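Undergrad: Take a look at this one; I'll ask things after.
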Amino acid sequence: MFRILVINPGSTSTKLAIYEDENEVLNQTVRHKTEEIAKYDTITHQYEFRKNVIEEFLNKSGFPLASFSAIIGRGGLLKPIPGGVYKVNDNMIDDLKKAIYGEHASNLGAIIAKELAKSVNIEAFIADPVVVDEMMAVARISGHPDFERKSIFHALNQKAIARQLAEKLGKNYEDMNIIVVHMGGGISIGAHYKGRVVDVNNALDGDGPFTPERSGTLPLTGVLELGFSGEYTLSDMKKLIKGNGGMTSYLNTNDAQMVQKMIKDGDENALLIYKSMAYQISKWIGKISAALDFEIDAIALTGGIAYDDNYINKWIREKVEFLAPIYVFPGGDEELALALSALRALRGVQEIKVY
Ligand SMILES: Nc1ncnc2c1ncn2[C@@H]1O[C@H](COP(=O)(O)OP(=O)(O)OP(=O)(O)O)[C@@H](O)[C@H]1O
Ligand SMILES: CCCC(=O)O
C-alpha cells in the first residue's frame with residue numbers, strides 16, 4: 001500500500017488530503033481570509049504560514065511523516081512544459097524560489113512538498129502544473145509582437161474534470177470538444193479541443209473575467225496611467241491585478257459565500273458586482289466558443305464557486321446554456337488527480353518527467 005500526502009495551495013485556500021492507494025483517508029480545505037493573506041507582500045512570504053497549516057493538518061491526522069510513500073504538490077509557475085508527473089528537483093525549486101516565472105500560491109506546493117519529503121527521505125512530485133501549454137499557434141498572438149499570450153490556468157483541475165465529464169457521458173476525452181470553466185480564487189475558461197486545451201485565458205495576468213481576487217482584463221490605458229502616476233510600484237500594480245482585484249476590490253472579500261450572504265441581506269451593490277462576475281464569465285464562455293468553431297459537446301462548471309447554484313450557476317446557465325449542455329462539478333477534483341498521478345509514478349506505470 002502506498003500512502004500519499006497531497007498539498008494543494010490555492011489563492012484563497014490550502015487543500016490537503018491523505019490517500020492510501022486510490023482511497024481518500026482524509027481531506028481538508030483550510031480557507032484563508034483576505035485580511036490573513038494581505039499580511040504577506042508576496043506569495044513566497046506565505047511560506048511559513050502555509051507550511052504551518054500543513055504541519056497542523058499532519059499532526060492532527062496522526063500519520064507520522066515517515067509513514068508516507070511520497071508527497072505530491074500542486075505545481076506552480078515554471079517554464080511552459082507538457083502535462084504529466086514531474087519529480088521535484090533542484091532546477092524546479094530554484095525557479096520557484098526566485099519566482100522566475102512569477103508568483104502563485106501553487107509555487108509553494110513543490111517547495112513545501114520537497115522540504116517535507118527531504119526530511120524523511122521520500123520522493124516529492126508535482127503534476128499538471130498551472131503552466132501546462134497546449135495552445136494552438138493562432139491563440140498565442142496577442143496583438144503586438146512584444147507580447148505573447150501565455151497558457152496559465154488551472155490545468156490540473158481542468159483536465160481532471162474534462163476527463164470525468166467525458167467518462168460520465170460514455171465518451172473519450174480525445175473525441176470531445178468541451179469548455180471547462182474553473183471558478184476559484186482565479187477563474188480560467190479553457191477550450192478543450194479533442195483532448196488539448198487549445199485556448200484559455202491567462203487567469204493570472206489580467207486576462208479574462210474578474211474573479212474573487214483578480215481584476216481580469218482592465219482598460220489598458222487606464223492601467224498605464226495609474227502605473228506611471230508615480231504612486232505605485234510595479235509590485236503594487238501586480239498586486240492590484242492579481243490579489244487585490246475583482247470582488248476583493250469592490251466588496252473587500254474574496255469569499256463568494258460571504259457575498260451571497262450580503263446579497264441575501266439586501267446589499268444591492270454586492271448583487272451588482274456578483275452578477276457582473278457571472279456576466280463576464282458568460283462573455284468569456286461565448287468568446288472561447290469561437291476557438292471550438294461553436295461545435296461544443298458540453299460545458300463544465302467547476303471550482304469552489306460552482307457550489308453556488310442559487311446565483312452564479314443559474315446566471316451562467318441563463319446566458320450560455322443554449323451553446324451546449326452544462327454540467328456542474330462543484331469544488332473540483334484536484335486532490336484525487338494529484339494522488340492518482342503520484343500513485344502511477346510510484347507504481348512505475350507513468351513516466352516521471354524531469355524539469
Ligand atoms: N459552498 C460554496 N458556495 C459558494 N462559493 C463557495 C463555496 N465554497 C467555496 N466557495 C468560494 O469559492 C472560492 C474559492 O474557490 P477554490 O477553493 O476553488 O479556490 P482556490 O483553490 O483558493 O483558488 P484557485 O482555484 O484559483 O487555485 C471562494 O470565493 C469561496 O468563497
Ligand atoms: C492557476 C493560475 C490561475 C489563477 O490562480 O488565477
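Starting from 1 in every chain, residues are counted up; chains themselves are A, B, ... following the order of the C-alpha cells, and ligands are numbered from 1 as listed.
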As a quick test: using only C-alpha atoms and all ligand atoms, which residues lie no more than 8 Å away from ligand 2? Give them as a VMD selection string.
TA: chain A and resid 10 to 11 76 104 to 106 130 to 131 152 to 155 184 to 188 202 to 205 214 242
Undergrad: Which polymer residues have any atom within 9 Å of an atom of A:His182, counting only C-alpha atoms, with same-chain residues fewer than 5 positions away left out, as an MDAnalysis selection string?
TA: chainID A and resid 153:154 157:158 187:190 300:306 331:332
Undergrad: If DSSP is run on the backbone, what residues of stretch 158-266 of chain A are strand (DSSP E)? A reply as a PyMOL selection string would be ideal.
TA: chain A and resi 177-183+187-193+196-200
Undergrad: Pull C-alpha atoms from the residues just selected and write them as a PDB file, in the first residue's frame.
TA:
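Final output, saved to part07.pdb:
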```pdb
ATOM      1  CA  ASN A 177     -14.991  19.477 -27.575  1.00  0.00           C
ATOM      2  CA  ILE A 178     -15.510  20.784 -24.054  1.00  0.00           C
ATOM      3  CA  ILE A 179     -15.404  24.182 -22.395  1.00  0.00           C
ATOM      4  CA  VAL A 180     -14.242  23.951 -18.782  1.00  0.00           C
ATOM      5  CA  VAL A 181     -14.903  26.920 -16.516  1.00  0.00           C
ATOM      6  CA  HIS A 182     -12.842  26.759 -13.312  1.00  0.00           C
ATOM      7  CA  MET A 183     -14.199  29.295 -10.807  1.00  0.00           C
ATOM      8  CA  ILE A 187     -11.058  31.888 -12.970  1.00  0.00           C
ATOM      9  CA  SER A 188      -9.936  30.101 -16.137  1.00  0.00           C
ATOM     10  CA  ILE A 189     -12.067  29.225 -19.141  1.00  0.00           C
ATOM     11  CA  GLY A 190     -10.460  26.617 -21.362  1.00  0.00           C
ATOM     12  CA  ALA A 191     -11.376  25.387 -24.842  1.00  0.00           C
ATOM     13  CA  HIS A 192     -10.604  21.636 -24.831  1.00  0.00           C
ATOM     14  CA  TYR A 193     -10.444  20.541 -28.456  1.00  0.00           C
ATOM     15  CA  ARG A 196      -5.986  19.609 -25.959  1.00  0.00           C
ATOM     16  CA  VAL A 197      -6.533  22.963 -24.298  1.00  0.00           C
ATOM     17  CA  VAL A 198      -6.094  24.970 -27.488  1.00  0.00           C
ATOM     18  CA  ASP A 199      -7.031  28.318 -25.955  1.00  0.00           C
ATOM     19  CA  VAL A 200      -7.568  29.623 -22.444  1.00  0.00           C
TER      20      VAL A 200
END
```
Undergrad: With distances taken over only C-alpha atoms, which of A:Leu78, A:Val53, A:Ile126, A:Ile316 is nearest to A:Lys283?
TA: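 Ranked by minimum distance to A:Lys283, first place goes to A:Ile316.
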Undergrad: Excluding A:Gly243 and any residue of its chain fewer than 6 positions from it, enumerate the residues within 12 Å of it, using only C-alpha atoms, and give them as an mmCIF file with N, CA and C atoms, in the first residue's frame.
TA:
```
data_model
loop_
_atom_site.group_PDB
_atom_site.id
_atom_site.type_symbol
_atom_site.label_atom_id
_atom_site.label_comp_id
_atom_site.auth_asym_id
_atom_site.auth_seq_id
_atom_site.Cartn_x
_atom_site.Cartn_y
_atom_site.Cartn_z
ATOM 1 N N GLY A 10 -4.070 26.878 -3.037
ATOM 2 C CA GLY A 10 -4.798 27.741 -3.990
ATOM 3 C C GLY A 10 -4.691 29.175 -3.526
ATOM 4 N N SER A 11 -5.234 30.099 -4.308
ATOM 5 C CA SER A 11 -5.046 31.501 -3.933
ATOM 6 C C SER A 11 -5.809 31.857 -2.663
ATOM 7 N N THR A 12 -6.959 31.210 -2.421
ATOM 8 C CA THR A 12 -7.740 31.566 -1.228
ATOM 9 C C THR A 12 -7.817 30.424 -0.226
ATOM 10 N N LYS A 33 -8.696 33.978 4.726
ATOM 11 C CA LYS A 33 -9.442 35.227 4.524
ATOM 12 C C LYS A 33 -8.548 36.292 3.894
ATOM 13 N N THR A 34 -9.184 37.276 3.235
ATOM 14 C CA THR A 34 -8.458 38.362 2.581
ATOM 15 C C THR A 34 -7.472 39.016 3.560
ATOM 16 N N GLU A 35 -7.913 39.302 4.800
ATOM 17 C CA GLU A 35 -7.057 40.014 5.773
ATOM 18 C C GLU A 35 -5.813 39.184 6.100
ATOM 19 N N ILE A 37 -4.285 36.884 4.153
ATOM 20 C CA ILE A 37 -3.364 36.834 3.014
ATOM 21 C C ILE A 37 -2.717 38.206 2.796
ATOM 22 N N ALA A 38 -3.482 39.259 3.105
ATOM 23 C CA ALA A 38 -2.996 40.627 2.858
ATOM 24 C C ALA A 38 -1.746 40.960 3.686
ATOM 25 N N LYS A 39 -1.491 40.164 4.749
ATOM 26 C CA LYS A 39 -0.315 40.435 5.593
ATOM 27 C C LYS A 39 0.988 40.181 4.834
ATOM 28 N N TYR A 40 0.918 39.396 3.764
ATOM 29 C CA TYR A 40 2.149 38.997 3.067
ATOM 30 C C TYR A 40 2.288 39.749 1.752
ATOM 31 N N ASP A 41 3.491 40.336 1.554
ATOM 32 C CA ASP A 41 3.759 41.112 0.336
ATOM 33 C C ASP A 41 3.740 40.242 -0.904
ATOM 34 N N THR A 42 4.342 39.052 -0.756
ATOM 35 C CA THR A 42 4.460 38.154 -1.914
ATOM 36 C C THR A 42 4.015 36.760 -1.473
ATOM 37 N N ILE A 43 3.775 35.918 -2.464
ATOM 38 C CA ILE A 43 3.382 34.534 -2.169
ATOM 39 C C ILE A 43 4.538 33.829 -1.455
ATOM 40 N N GLU A 103 4.693 34.807 -9.420
ATOM 41 C CA GLU A 103 4.243 34.375 -8.085
ATOM 42 C C GLU A 103 2.855 33.768 -8.178
ATOM 43 N N HIS A 104 2.701 32.588 -7.626
ATOM 44 C CA HIS A 104 1.369 31.975 -7.499
ATOM 45 C C HIS A 104 1.398 31.044 -6.308
ATOM 46 N N ALA A 105 0.252 30.940 -5.621
ATOM 47 C CA ALA A 105 0.192 30.095 -4.417
ATOM 48 C C ALA A 105 0.726 28.692 -4.690
ATOM 49 N N GLY A 185 -10.382 31.080 -6.666
ATOM 50 C CA GLY A 185 -9.847 32.408 -6.371
ATOM 51 C C GLY A 185 -9.511 33.119 -7.678
ATOM 52 N N GLY A 186 -8.999 32.362 -8.637
ATOM 53 C CA GLY A 186 -8.843 32.807 -10.023
ATOM 54 C C GLY A 186 -9.855 32.051 -10.879
ATOM 55 N N ALA A 203 -5.213 33.222 -16.666
ATOM 56 C CA ALA A 203 -6.047 33.546 -15.500
ATOM 57 C C ALA A 203 -5.320 34.397 -14.472
ATOM 58 N N LEU A 204 -4.008 34.476 -14.598
ATOM 59 C CA LEU A 204 -3.233 35.145 -13.549
ATOM 60 C C LEU A 204 -2.843 36.576 -13.907
ATOM 61 N N ASP A 205 -2.723 36.859 -15.192
ATOM 62 C CA ASP A 205 -2.068 38.111 -15.592
ATOM 63 C C ASP A 205 -2.996 39.126 -16.249
ATOM 64 N N GLY A 206 -4.190 39.276 -15.710
ATOM 65 C CA GLY A 206 -5.063 40.324 -16.234
ATOM 66 C C GLY A 206 -5.684 39.971 -17.561
ATOM 67 N N PHE A 210 -13.284 39.138 -14.208
ATOM 68 C CA PHE A 210 -12.751 39.360 -12.865
ATOM 69 C C PHE A 210 -13.179 38.212 -11.973
ATOM 70 N N THR A 211 -12.520 38.043 -10.844
ATOM 71 C CA THR A 211 -12.667 36.848 -10.011
ATOM 72 C C THR A 211 -12.694 37.288 -8.542
ATOM 73 N N PRO A 212 -12.788 36.356 -7.585
ATOM 74 C CA PRO A 212 -12.727 36.796 -6.189
ATOM 75 C C PRO A 212 -11.512 37.670 -5.874
ATOM 76 N N GLU A 213 -10.371 37.421 -6.540
ATOM 77 C CA GLU A 213 -9.148 38.166 -6.203
ATOM 78 C C GLU A 213 -8.487 38.873 -7.380
ATOM 79 N N ARG A 214 -8.863 38.525 -8.594
ATOM 80 C CA ARG A 214 -8.136 39.046 -9.753
ATOM 81 C C ARG A 214 -9.015 40.034 -10.529
ATOM 82 N N SER A 215 -8.328 41.026 -11.103
ATOM 83 C CA SER A 215 -9.086 42.065 -11.809
ATOM 84 C C SER A 215 -9.608 41.574 -13.152
ATOM 85 N N GLY A 216 -8.979 40.530 -13.721
ATOM 86 C CA GLY A 216 -9.297 40.163 -15.103
ATOM 87 C C GLY A 216 -8.825 41.282 -16.030
ATOM 88 N N SER A 235 5.395 46.244 -8.201
ATOM 89 C CA SER A 235 4.830 45.204 -7.344
ATOM 90 C C SER A 235 3.413 45.582 -6.866
ATOM 91 N N ASP A 236 3.189 46.883 -6.566
ATOM 92 C CA ASP A 236 1.828 47.336 -6.189
ATOM 93 C C ASP A 236 0.853 47.067 -7.326
ATOM 94 N N MET A 237 1.303 47.376 -8.544
ATOM 95 C CA MET A 237 0.413 47.222 -9.703
ATOM 96 C C MET A 237 0.064 45.746 -9.917
ATOM 97 N N SER A 249 -11.606 43.929 -4.455
ATOM 98 C CA SER A 249 -11.502 45.385 -4.570
ATOM 99 C C SER A 249 -12.867 46.062 -4.450
ATOM 100 N N ASN A 252 -14.378 43.965 -0.710
ATOM 101 C CA ASN A 252 -13.488 43.727 0.423
ATOM 102 C C ASN A 252 -13.495 42.284 0.934
ATOM 103 N N THR A 253 -13.848 41.354 0.101
ATOM 104 C CA THR A 253 -13.752 39.938 0.489
ATOM 105 C C THR A 253 -13.498 39.070 -0.739
ATOM 106 N N ASN A 254 -12.740 37.976 -0.501
ATOM 107 C CA ASN A 254 -12.525 37.004 -1.586
ATOM 108 C C ASN A 254 -13.477 35.819 -1.437
#
```
Undergrad: I'd like the interatomic distance between atom CA of A:Asp308 and atom CA of A:Thr29, to a tenth of an Å.
TA: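 Atom CA of A:Thr29 lies at a distance of 17.1 Å from atom CA of A:Asp308.
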Undergrad: Write out as an MDAnalysis selection string the set of residues from stretch 41-198 of chain A that DSSP, computed on the backbone, places in helix (DSSP H, G or I).
TA: chainID A and resid 44:61 65:67 90:97 107:120 137:140 155:168 173:175
Undergrad: Can you work out the spacing between atom CA of A:Leu156 and atom CA of A:Met1 in Å, to one decimal?
TA: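 Atom CA of A:Leu156 sits 24.5 Å away from atom CA of A:Met1.
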Undergrad: Excluding same-chain residues fewer than 6 positions from stretch 350-355 of chain A, what lies within 10 Å of it counting only C-alpha atoms, as a list of chain:residue names?
TA: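 Using only C-alpha atoms, the neighbours found are A:Leu78, A:Lys79, A:Ile81, A:Pro82, A:Gly83, A:Gly84, A:Val85, A:Tyr86, A:Lys87, A:Val88, A:Asn89, A:Asp90, A:Asn91, A:Met92, A:Phe125, A:Ile126, A:Ala127, A:Ser341, A:Ala342, A:Leu343, A:Arg344.
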Undergrad: Skip A:Glu55 itself and residues of its chain fewer than 2 positions away, then list as an MDAnalysis selection string all residues within 12 Å of it, counting only C-alpha atoms.
TA: chainID A and resid 5 7 14 16 48:53 57:65 112:113 115:116
Undergrad: Would you mind exporting the chosen residues as a compact mmCIF listing (two decimals), in the first residue's frame, restricted to C-alpha atoms?
TA:
```
# COMPACT_ATOMS: atom_id res chain seq x y z
CA LEU A 5 0.23 13.28 1.15
CA ILE A 7 -0.66 19.50 -0.87
CA THR A 14 -4.86 25.32 1.21
CA LEU A 16 -4.81 18.85 1.93
CA GLU A 48 5.91 29.70 6.84
CA PHE A 49 2.19 30.40 7.16
CA ARG A 50 1.20 27.73 4.61
CA LYS A 51 3.75 25.24 5.98
CA ASN A 52 2.28 25.65 9.47
CA VAL A 53 -1.19 24.91 8.10
CA PHE A 57 -3.06 19.03 9.44
CA LEU A 58 -0.41 16.31 9.58
CA ASN A 59 -0.18 16.39 13.37
CA LYS A 60 -3.94 16.10 13.71
CA SER A 61 -4.06 13.28 11.15
CA GLY A 62 -1.99 11.06 13.43
CA PHE A 63 0.11 9.81 10.49
CA PRO A 64 3.85 10.36 11.04
CA LEU A 65 5.56 11.94 8.05
CA ILE A 112 6.89 22.56 0.75
CA ALA A 113 6.46 19.05 -0.67
CA GLU A 115 11.11 20.25 2.12
CA LEU A 116 8.91 17.73 3.97
```
